[in-house]
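Novice: Structure supplied as input-v1.pdb; contents: PDB, C-alpha atoms.
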ATOM      1  CA  MET S   4      14.400   3.038   0.444
ATOM      2  CA  GLU S   5      14.400   3.579   4.193
ATOM      3  CA  ASN S   6      12.304   0.855   5.817
ATOM      4  CA  THR S   7      14.162  -0.354   8.914
ATOM      5  CA  VAL S   8      12.819  -2.433  11.758
ATOM      6  CA  GLY S   9      13.987   0.212  14.234
ATOM      7  CA  ASP S  10      11.994   2.986  12.588
ATOM      8  CA  PHE S  11       8.931   0.755  12.505
ATOM      9  CA  LEU S  12       9.180  -0.332  16.152
ATOM     10  CA  ARG S  13       9.846   3.207  17.382
ATOM     11  CA  SER S  14       6.781   4.442  15.506
ATOM     12  CA  ARG S  15       4.671   1.707  17.116
ATOM     13  CA  ARG S  16       6.065   2.423  20.598
ATOM     14  CA  ALA S  17       5.255   6.099  20.219
ATOM     15  CA  ARG S  18       1.539   5.498  19.711
ATOM     16  CA  ILE S  19       0.995   3.624  23.017
ATOM     17  CA  ARG S  20       0.467   5.467  26.279
ATOM     18  CA  PRO S  21       1.976   3.761  29.354
ATOM     19  CA  GLU S  22      -1.362   3.642  31.162
ATOM     20  CA  GLU S  23      -2.841   1.655  28.281
ATOM     21  CA  VAL S  24      -0.578  -1.279  29.198
ATOM     22  CA  GLY S  25      -0.803  -0.894  32.967
ATOM     23  CA  LEU S  26       2.311   1.202  33.534
ATOM     24  CA  PRO S  27       2.464   4.465  35.532
ATOM     25  CA  SER S  28       2.619   7.551  33.362
ATOM     26  CA  HIS S  29       3.850  10.031  35.958
ATOM     27  CA  GLY S  30       7.286  11.581  35.785
ATOM     28  CA  ARG S  31       9.171  13.205  32.956
ATOM     29  CA  ARG S  32       9.472  11.062  29.830
ATOM     30  CA  ARG S  33      12.042  11.817  27.150
ATOM     31  CA  VAL S  34      10.201   9.806  24.507
ATOM     32  CA  GLN S  35       6.593   9.708  23.424
ATOM     33  CA  GLY S  36       4.890   6.437  24.234
ATOM     34  CA  LEU S  37       6.670   3.418  25.657
ATOM     35  CA  ARG S  38      10.373   3.238  26.441
ATOM     36  CA  ARG S  39      12.499   0.400  25.099
ATOM     37  CA  GLU S  40      12.913  -1.086  28.572
ATOM     38  CA  GLU S  41       9.152  -1.054  29.092
ATOM     39  CA  VAL S  42       8.543  -2.960  25.877
ATOM     40  CA  ALA S  43      11.230  -5.451  26.865
ATOM     41  CA  GLN S  44       9.710  -5.934  30.320
ATOM     42  CA  LEU S  45       6.198  -6.480  28.978
ATOM     43  CA  ALA S  46       7.448  -8.827  26.243
ATOM     44  CA  GLY S  47       9.483 -10.895  28.701
ATOM     45  CA  VAL S  48      12.889 -10.309  27.088
ATOM     46  CA  SER S  49      16.017  -8.534  28.261
ATOM     47  CA  VAL S  50      16.494  -4.863  27.457
ATOM     48  CA  ASP S  51      19.694  -5.696  25.572
ATOM     49  CA  TYR S  52      17.849  -8.246  23.462
ATOM     50  CA  TYR S  53      15.119  -5.763  22.551
ATOM     51  CA  VAL S  54      17.688  -3.055  21.762
ATOM     52  CA  ARG S  55      19.414  -5.439  19.356
ATOM     53  CA  LEU S  56      16.035  -6.099  17.749
ATOM     54  CA  GLU S  57      15.473  -2.372  17.147
ATOM     55  CA  GLN S  58      18.986  -2.061  15.798
ATOM     56  CA  GLY S  59      18.252  -4.636  13.128
ATOM     57  CA  ARG S  60      20.310  -7.380  14.782
ATOM     58  CA  GLY S  61      17.358  -9.598  15.626
ATOM     59  CA  GLY S  62      17.483 -11.928  12.649
ATOM     60  CA  SER S  63      17.548 -14.943  14.962
ATOM     61  CA  ALA S  64      14.537 -13.796  16.988
ATOM     62  CA  SER S  65      12.046 -16.603  17.516
ATOM     63  CA  ASP S  66       8.398 -16.466  16.535
ATOM     64  CA  ALA S  67       7.536 -16.437  20.242
ATOM     65  CA  VAL S  68       9.599 -13.303  20.836
ATOM     66  CA  LEU S  69       8.199 -11.498  17.810
ATOM     67  CA  ASP S  70       4.672 -12.506  18.827
ATOM     68  CA  ALA S  71       5.289 -11.110  22.304
ATOM     69  CA  VAL S  72       6.589  -7.800  20.932
ATOM     70  CA  ALA S  73       3.657  -7.611  18.532
ATOM     71  CA  ARG S  74       1.242  -8.201  21.421
ATOM     72  CA  VAL S  75       2.806  -5.486  23.581
ATOM     73  CA  LEU S  76       2.765  -2.972  20.734
ATOM     74  CA  GLY S  77      -0.802  -3.871  19.707
ATOM     75  CA  LEU S  78       0.162  -4.878  16.171
ATOM     76  CA  ASP S  79      -2.554  -6.291  13.949
ATOM     77  CA  ASP S  80      -1.924  -9.318  11.716
ATOM     78  CA  VAL S  81      -0.614  -7.241   8.807
ATOM     79  CA  GLU S  82       1.737  -5.248  11.045
ATOM     80  CA  ALA S  83       2.976  -8.420  12.761
ATOM     81  CA  THR S  84       3.777  -9.969   9.377
ATOM     82  CA  HIS S  85       5.537  -6.734   8.391
ATOM     83  CA  LEU S  86       7.638  -6.944  11.564
ATOM     84  CA  ARG S  87       8.749 -10.446  10.606
ATOM     85  CA  SER S  88       9.664  -9.280   7.087
ATOM     86  CA  LEU S  89      11.781  -6.443   8.461
ATOM     87  CA  THR S  90      13.398  -8.554  11.170
ATOM     88  CA  ARG S  91      14.282 -11.450   8.902
ATOM     89  CA  PRO S  92      15.140  -9.877   5.528
ATOM     90  CA  SER S  93      16.992 -13.001   4.427
ATOM     91  CA  ARG S  94      13.740 -14.940   4.667
ATOM     92  CA  THR S  95      11.709 -12.556   2.536
ATOM     93  CA  ALA S  96      10.878 -13.477  -1.033
ATOM     94  CA  ALA S  97      13.255 -12.400  -3.773
ATOM     95  CA  VAL S  98      12.035  -9.642  -6.065
ATOM     96  CA  PRO S  99      10.257 -11.388  -8.978
ATOM     97  CA  ARG S 100      12.174 -10.902 -12.201
ATOM     98  CA  GLY S 101      10.729  -9.932 -15.547
ATOM     99  CA  ARG S 102       7.918  -7.651 -16.562
ATOM    100  CA  GLN S 103       4.586  -8.213 -14.878
ATOM    101  CA  GLN S 104       2.313 -10.099 -17.243
ATOM    102  CA  VAL S 105      -1.432 -10.651 -16.955
ATOM    103  CA  ARG S 106      -2.626 -14.099 -18.009
ATOM    104  CA  GLU S 107      -4.977 -14.348 -20.960
ATOM    105  CA  GLY S 108      -7.477 -16.088 -18.716
ATOM    106  CA  THR S 109      -7.442 -13.143 -16.334
ATOM    107  CA  ARG S 110      -7.942 -10.705 -19.213
ATOM    108  CA  LEU S 111     -10.861 -12.794 -20.435
ATOM    109  CA  LEU S 112     -12.339 -12.744 -16.948
ATOM    110  CA  LEU S 113     -12.188  -8.946 -16.972
ATOM    111  CA  ASP S 114     -14.064  -8.843 -20.291
ATOM    112  CA  LEU S 115     -16.674 -11.288 -18.987
ATOM    113  CA  MET S 116     -17.582  -8.833 -16.206
ATOM    114  CA  PRO S 117     -18.954  -5.952 -18.313
ATOM    115  CA  GLY S 118     -21.326  -4.756 -15.606
ATOM    116  CA  VAL S 119     -18.720  -4.016 -12.936
ATOM    117  CA  PRO S 120     -15.591  -1.838 -13.029
ATOM    118  CA  ALA S 121     -12.601  -4.146 -12.590
ATOM    119  CA  PHE S 122      -8.843  -3.957 -12.964
ATOM    120  CA  VAL S 123      -5.687  -5.871 -12.057
ATOM    121  CA  LEU S 124      -3.285  -4.266  -9.604
ATOM    122  CA  GLY S 125       0.318  -5.474  -9.566
ATOM    123  CA  ARG S 126       3.490  -4.775  -7.653
ATOM    124  CA  ARG S 127       4.181  -1.192  -6.620
ATOM    125  CA  MET S 128       0.469  -0.456  -7.238
ATOM    126  CA  ASP S 129       0.861  -0.586 -11.030
ATOM    127  CA  VAL S 130      -2.466  -0.971 -12.841
ATOM    128  CA  LEU S 131      -1.782  -3.798 -15.303
ATOM    129  CA  ALA S 132      -5.129  -4.442 -17.022
ATOM    130  CA  TRP S 133      -8.751  -3.337 -16.883
ATOM    131  CA  ASN S 134     -12.142  -3.878 -18.468
ATOM    132  CA  ALA S 135     -14.119  -1.237 -20.358
ATOM    133  CA  LEU S 136     -16.163  -0.099 -17.364
ATOM    134  CA  GLY S 137     -13.086  -0.060 -15.158
ATOM    135  CA  ASN S 138     -11.447   2.219 -17.682
ATOM    136  CA  ALA S 139     -14.558   4.412 -17.850
ATOM    137  CA  VAL S 140     -14.371   4.894 -14.079
ATOM    138  CA  GLY S 141     -10.594   5.014 -13.630
ATOM    139  CA  GLY S 142      -9.456   6.633 -16.879
ATOM    140  CA  PHE S 143      -6.415   4.346 -17.039
ATOM    141  CA  SER S 144      -5.976   4.425 -20.816
ATOM    142  CA  GLY S 145      -5.846   8.231 -20.771
ATOM    143  CA  ARG S 146      -2.728   8.354 -18.608
ATOM    144  CA  PRO S 147       0.742   8.661 -20.124
ATOM    145  CA  VAL S 148       2.696   5.480 -20.791
ATOM    146  CA  GLY S 149       4.097   4.255 -17.496
ATOM    147  CA  GLU S 150       1.792   6.423 -15.403
ATOM    148  CA  ALA S 151      -0.985   3.884 -14.795
ATOM    149  CA  ASN S 152       0.124   3.599 -11.201
ATOM    150  CA  ALA S 153      -2.271   4.199  -8.325
ATOM    151  CA  ALA S 154       0.342   5.847  -6.099
ATOM    152  CA  ARG S 155       1.575   8.247  -8.781
ATOM    153  CA  HIS S 156      -2.006   9.165  -9.639
ATOM    154  CA  THR S 157      -2.890   9.821  -5.997
ATOM    155  CA  PHE S 158       0.065  12.049  -5.179
ATOM    156  CA  LEU S 159       1.246  13.549  -8.464
ATOM    157  CA  ASP S 160      -1.925  14.106 -10.496
ATOM    158  CA  PRO S 161      -3.487  17.468  -9.532
ATOM    159  CA  ALA S 162      -6.900  16.097 -10.507
ATOM    160  CA  ALA S 163      -6.696  13.337  -7.886
ATOM    161  CA  ARG S 164      -7.904  15.569  -5.051
ATOM    162  CA  GLU S 165     -11.057  16.292  -7.025
ATOM    163  CA  TYR S 166     -11.415  12.680  -8.135
ATOM    164  CA  TYR S 167     -11.194  11.416  -4.530
ATOM    165  CA  PRO S 168     -13.454  13.511  -2.258
ATOM    166  CA  GLN S 169     -11.844  11.662   0.673
ATOM    167  CA  TRP S 170      -8.330  12.186  -0.648
ATOM    168  CA  GLU S 171      -6.602  12.178   2.743
ATOM    169  CA  ALA S 172      -7.909   8.691   3.546
ATOM    170  CA  VAL S 173      -7.018   7.367   0.086
ATOM    171  CA  ALA S 174      -3.519   8.836   0.350
ATOM    172  CA  ALA S 175      -2.910   7.263   3.760
ATOM    173  CA  GLU S 176      -4.114   3.865   2.546
ATOM    174  CA  THR S 177      -1.940   4.093  -0.562
ATOM    175  CA  VAL S 178       1.213   4.758   1.446
ATOM    176  CA  ALA S 179       0.364   1.944   3.855
ATOM    177  CA  TYR S 180       0.054  -0.484   0.932
ATOM    178  CA  LEU S 181       3.448   0.603  -0.422
ATOM    179  CA  ARG S 182       4.986   0.191   3.048
ATOM    180  CA  ARG S 183       3.825  -3.424   3.087
ATOM    181  CA  ASP S 184       5.352  -4.005  -0.345
ATOM    182  CA  ALA S 185       8.622  -2.488   0.847
ATOM    183  CA  GLY S 186       8.684  -4.869   3.787
ATOM    184  CA  GLN S 187       8.135  -7.863   1.537
ATOM    185  CA  TYR S 188      10.686  -6.787  -1.080
ATOM    186  CA  PRO S 189      13.340  -4.636   0.628
ATOM    187  CA  ASP S 190      15.688  -5.053  -2.351
ATOM    188  CA  ASP S 191      13.208  -3.926  -5.019
ATOM    189  CA  ALA S 192      15.154  -1.163  -6.770
ATOM    190  CA  ARG S 193      12.169  -0.028  -8.817
ATOM    191  CA  LEU S 194       9.986   0.302  -5.720
ATOM    192  CA  ALA S 195      12.783   2.297  -4.085
ATOM    193  CA  ALA S 196      12.847   4.571  -7.132
ATOM    194  CA  LEU S 197       9.075   5.067  -6.912
ATOM    195  CA  VAL S 198       9.273   5.933  -3.213
ATOM    196  CA  GLY S 199      12.144   8.314  -3.960
ATOM    197  CA  GLU S 200      10.203  10.006  -6.735
ATOM    198  CA  LEU S 201       7.097  10.448  -4.607
ATOM    199  CA  SER S 202       9.158  11.676  -1.659
ATOM    200  CA  MET S 203      10.853  14.321  -3.793
ATOM    201  CA  ARG S 204       7.664  15.558  -5.399
ATOM    202  CA  SER S 205       5.059  15.308  -2.631
ATOM    203  CA  GLU S 206       5.313  16.715   0.884
ATOM    204  CA  GLU S 207       2.172  14.766   1.845
ATOM    205  CA  PHE S 208       3.774  11.513   0.754
ATOM    206  CA  ARG S 209       6.910  12.245   2.820
ATOM    207  CA  ARG S 210       4.805  12.914   5.895
ATOM    208  CA  LEU S 211       2.728   9.763   5.515
ATOM    209  CA  TRP S 212       5.733   7.585   4.673
ATOM    210  CA  ALA S 213       7.406   8.683   7.915
ATOM    211  CA  ASP S 214       4.379   7.438   9.871
ATOM    212  CA  HIS S 215       5.156   3.757   9.052
ATOM    213  CA  GLN S 216       1.544   2.650   8.698
ATOM    214  CA  VAL S 217       1.112  -0.774   7.076
ATOM    215  CA  ARG S 218      -2.035  -2.149   5.443
ATOM    216  CA  GLN S 219      -3.085  -4.944   3.134
ATOM    217  CA  LYS S 220      -5.574  -4.163   0.374
ATOM    218  CA  THR S 221      -8.609  -6.388   0.953
ATOM    219  CA  HIS S 222     -12.016  -4.687   0.818
ATOM    220  CA  GLY S 223     -13.645  -1.422   1.727
ATOM    221  CA  VAL S 224     -15.460   1.575   0.313
ATOM    222  CA  LYS S 225     -14.336   4.136  -2.247
ATOM    223  CA  LEU S 226     -15.978   7.463  -2.991
ATOM    224  CA  ILE S 227     -15.144   8.861  -6.434
ATOM    225  CA  ARG S 228     -16.189  12.133  -8.053
ATOM    226  CA  HIS S 229     -16.350  11.232 -11.742
ATOM    227  CA  PRO S 230     -15.939  14.112 -14.217
ATOM    228  CA  LEU S 231     -18.934  12.965 -16.292
ATOM    229  CA  VAL S 232     -21.485  11.420 -13.922
ATOM    230  CA  GLY S 233     -20.605  12.914 -10.544
ATOM    231  CA  GLU S 234     -20.193  11.056  -7.260
ATOM    232  CA  LEU S 235     -19.917   7.277  -7.281
ATOM    233  CA  ASP S 236     -20.190   5.475  -3.935
ATOM    234  CA  PHE S 237     -18.528   2.074  -4.337
ATOM    235  CA  GLY S 238     -17.696  -0.906  -2.270
ATOM    236  CA  TYR S 239     -14.673  -2.816  -3.456
ATOM    237  CA  GLU S 240     -13.352  -6.351  -3.139
ATOM    238  CA  THR S 241      -9.761  -7.408  -3.775
ATOM    239  CA  LEU S 242      -9.069 -10.990  -4.846
ATOM    240  CA  ALA S 243      -5.624 -12.572  -5.210
ATOM    241  CA  VAL S 244      -4.850 -13.884  -8.698
ATOM    242  CA  ASN S 245      -3.445 -17.291  -7.790
ATOM    243  CA  GLY S 246      -0.442 -18.295  -9.835
ATOM    244  CA  SER S 247       0.447 -14.692 -10.690
ATOM    245  CA  ALA S 248       2.802 -13.250  -8.117
ATOM    246  CA  ASP S 249       1.523 -10.131  -6.360
ATOM    247  CA  GLN S 250      -1.426  -9.541  -8.694
ATOM    248  CA  MET S 251      -4.847  -8.626  -7.343
ATOM    249  CA  LEU S 252      -8.186  -8.383  -9.102
ATOM    250  CA  VAL S 253      -9.976  -5.296  -7.797
ATOM    251  CA  VAL S 254     -13.730  -5.088  -8.389
ATOM    252  CA  PHE S 255     -15.933  -2.067  -7.607
ATOM    253  CA  THR S 256     -19.487  -2.862  -6.543
ATOM    254  CA  ALA S 257     -22.677  -0.824  -6.295
ATOM    255  CA  GLN S 258     -25.974  -1.725  -4.677
ATOM    256  CA  PRO S 259     -28.611  -2.619  -7.325
ATOM    257  CA  GLY S 260     -30.946   0.289  -7.979
ATOM    258  CA  SER S 261     -28.703   2.772  -6.190
ATOM    259  CA  PRO S 262     -27.742   6.123  -7.741
ATOM    260  CA  THR S 263     -24.243   4.733  -8.313
ATOM    261  CA  ALA S 264     -25.632   1.681 -10.145
ATOM    262  CA  GLN S 265     -27.705   3.971 -12.372
ATOM    263  CA  LYS S 266     -24.666   6.111 -13.176
ATOM    264  CA  LEU S 267     -22.628   2.989 -13.948
ATOM    265  CA  ALA S 268     -25.288   1.861 -16.390
ATOM    266  CA  LEU S 269     -25.035   5.251 -18.081
ATOM    267  CA  LEU S 270     -21.238   4.977 -18.288
ATOM    268  CA  ALA S 271     -21.542   1.443 -19.653
ATOM    269  CA  SER S 272     -23.868   2.628 -22.411
ATOM    270  CA  TRP S 273     -21.398   5.348 -23.381
ATOM    271  CA  THR S 274     -18.443   2.951 -23.527
ATOM    272  CA  ALA S 275     -20.183  -0.094 -25.020
ATOM    273  CA  GLU S 276     -18.637   0.433 -28.435
ATOM    274  CA  GLY S 277     -15.002   1.028 -29.182
ATOM    275  CA  ALA S 278     -13.777   1.367 -25.615
ATOM    276  CA  PRO S 279     -10.392  -0.163 -24.793
ATOM    277  CA  ALA S 280     -11.103  -3.337 -22.884
ATOM    278  CA  GLU S 281      -7.837  -3.810 -21.117
ATOM    279  CA  GLY S 282      -4.429  -2.420 -20.337
ATOM    280  CA  ALA S 283      -1.107  -3.866 -21.276
ATOM    281  CA  PRO S 284       2.153  -4.299 -19.433
ATOM    282  CA  VAL S 285       3.897  -0.951 -19.367
ATOM    283  CA  GLU S 286       6.177  -0.518 -22.347
ATOM    284  CA  GLY S 287       9.404   1.450 -22.461
ATOM    285  CA  ALA S 288      10.714   0.517 -19.013
ATOM    286  CA  PRO S 289      13.597  -1.869 -18.362
ATOM    287  CA  ALA S 290      12.790  -5.337 -17.051
ATOM    288  CA  ASP S 291      13.324  -5.994 -13.330
ATOM    289  CA  GLY S 292      17.017  -6.246 -12.638
ATOM    290  CA  ALA S 293      18.026  -3.973 -15.537
ATOM    291  CA  PRO S 294      19.888  -0.707 -14.885
ATOM    292  CA  GLU S 295      17.631   1.956 -13.401
ATOM    293  CA  ARG S 296      17.002   5.366 -14.896
ATOM    294  CA  ASP S 297      16.681   8.568 -12.922
ATOM    295  CA  ALA S 298      13.971   8.194 -10.288
ATOM    296  CA  PRO S 299      11.384  10.584 -11.790
ATOM    297  CA  ALA S 300      11.320   8.575 -15.013
ATOM    298  CA  VAL S 301      11.113   5.098 -13.469
ATOM    299  CA  ALA S 302       7.960   3.170 -14.263
ATOM    300  CA  ASP S 303       7.118  -0.490 -14.639
TER     301      ASP S 303
END
Could you render the structure from this file as structure tokens?

Specialist:
Amino acid sequence: MENTVGDFLRSRRARIRPEEVGLPSHGRRRVQGLRREEVAQLAGVSVDYYVRLEQGRGGSASDAVLDAVARVLGLDDVEATHLRSLTRPSRTAAVPRGRQQVREGTRLLLDLMPGVPAFVLGRRMDVLAWNALGNAVGGFSGRPVGEANAARHTFLDPAAREYYPQWEAVAAETVAYLRRDAGQYPDDARLAALVGELSMRSEEFRRLWADHQVRQKTHGVKLIRHPLVGELDFGYETLAVNGSADQMLVVFTAQPGSPTAQKLALLASWTAEGAPAEGAPVEGAPADGAPERDAPAVAD
């Protein structure tokens, strides 16, 4: 899973024009954006020091130096944290072992929110559990075993482009979330297998992965074209499940009285009886740390 600090820093340098940071832009430039020596000058470090940083030999870099580089390159908080993860891989958290489990209390919470679509998102964007309305919107229970994964759905399911009217934006966000995961867990073999699978099977994924965008899933809007009720215009909120590593509770919201709220009420009435209320940890895949299968078959 290629995710080096040099690739990341070069991609960030390339997006900044010299004039944006007060440097002359005249003359022939062999690289797009800022040169290494220009970043070093603006960050107040030697060129040799910055070169070592891009070469992955900056494990002893201080917070002050990394903050200065982040400032010069215009990194936001998520990107700056990603830079630290890539620069200091020995300080990143170890890959959690064992199958991802959703606490009974969290499952109960899902069931106690019947009026809003909700689900739990785990590592590698695996969908671990959902409530009935979340399933009615997302169709999680209808996917093959091991395929309840937001990234696989976005890039490998032909129906995803119809399901997401703004597919390009969703795809870019999805890759940026995976990039952040890769920075946090550079030794996650199963994440590497997922990235390899998506890279082999999706040209769009390869292109977006090479762009090195990094994002954290927090809140936003999501437009969905549902096969039964048509377009649903959601807001969403993402809440960390404290005590459960890397699990997030994702809740879709709709303004009361809006067309989306009316369509949700219709979906809720259709799924009130007999609908599966939640997902389960994916069965049939080896626990973390077990021998990996061929990349296309890997799921967790």

Novice: Pick out the residues sitting within 9 Å of Tyr166 of chain S, and hand them over as a PyMOL selection string; count all atoms listed in the file, and ignore anything fewer than 4 positions along from it in its own chain.

Specialist: chain S and resi 162+170+226-230+234

Novice: To verify the selection step, state as JSON, numbers by chain which residues the PyMOL selection byres ((chain S and resi 33-45) around 9) yields on this input.

Specialist: {"S": [13, 15, 16, 17, 18, 19, 20, 21, 24, 26, 31, 32, 46, 47, 48, 49, 50, 51, 52, 53, 54, 57, 71, 72, 75, 76]}

Novice: Limited to C-alpha atoms, could you put the picked residues into a file as an mmCIF file, keeping the file's coordinate frame?

Specialist:
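Output (again.cif):
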data_model
loop_
_atom_site.group_PDB
_atom_site.id
_atom_site.type_symbol
_atom_site.label_atom_id
_atom_site.label_comp_id
_atom_site.auth_asym_id
_atom_site.auth_seq_id
_atom_site.Cartn_x
_atom_site.Cartn_y
_atom_site.Cartn_z
ATOM 1 C CA ARG S 13 9.846 3.207 17.382
ATOM 2 C CA ARG S 15 4.671 1.707 17.116
ATOM 3 C CA ARG S 16 6.065 2.423 20.598
ATOM 4 C CA ALA S 17 5.255 6.099 20.219
ATOM 5 C CA ARG S 18 1.539 5.498 19.711
ATOM 6 C CA ILE S 19 0.995 3.624 23.017
ATOM 7 C CA ARG S 20 0.467 5.467 26.279
ATOM 8 C CA PRO S 21 1.976 3.761 29.354
ATOM 9 C CA VAL S 24 -0.578 -1.279 29.198
ATOM 10 C CA LEU S 26 2.311 1.202 33.534
ATOM 11 C CA ARG S 31 9.171 13.205 32.956
ATOM 12 C CA ARG S 32 9.472 11.062 29.830
ATOM 13 C CA ALA S 46 7.448 -8.827 26.243
ATOM 14 C CA GLY S 47 9.483 -10.895 28.701
ATOM 15 C CA VAL S 48 12.889 -10.309 27.088
ATOM 16 C CA SER S 49 16.017 -8.534 28.261
ATOM 17 C CA VAL S 50 16.494 -4.863 27.457
ATOM 18 C CA ASP S 51 19.694 -5.696 25.572
ATOM 19 C CA TYR S 52 17.849 -8.246 23.462
ATOM 20 C CA TYR S 53 15.119 -5.763 22.551
ATOM 21 C CA VAL S 54 17.688 -3.055 21.762
ATOM 22 C CA GLU S 57 15.473 -2.372 17.147
ATOM 23 C CA ALA S 71 5.289 -11.110 22.304
ATOM 24 C CA VAL S 72 6.589 -7.800 20.932
ATOM 25 C CA VAL S 75 2.806 -5.486 23.581
ATOM 26 C CA LEU S 76 2.765 -2.972 20.734
#

Novice: From the set S:Asp80, S:Glu200, S:Asp236, S:Asp129, which residue has the shortest atom-to-atom contact distance to Leu267 of chain S, counting only C-alpha atoms?

Specialist: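 For Leu267 of chain S, the nearest of the candidates is S:Asp236.
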
Novice: My list of candidates is S:Val173, S:Leu112, S:Ala268, S:Val68. Which is closest to Phe158 of chain S when distances are computed with only C-alpha atoms?

Specialist: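 Selected residue with least distance to Phe158 of chain S: S:Val173.
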
Novice: May I ask for the distance between atom CA of Ala121 of chain S and atom CA of Asp184 of chain S, given in Å to one decimal place?

Specialist: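 A separation of 21.7 Å between them.
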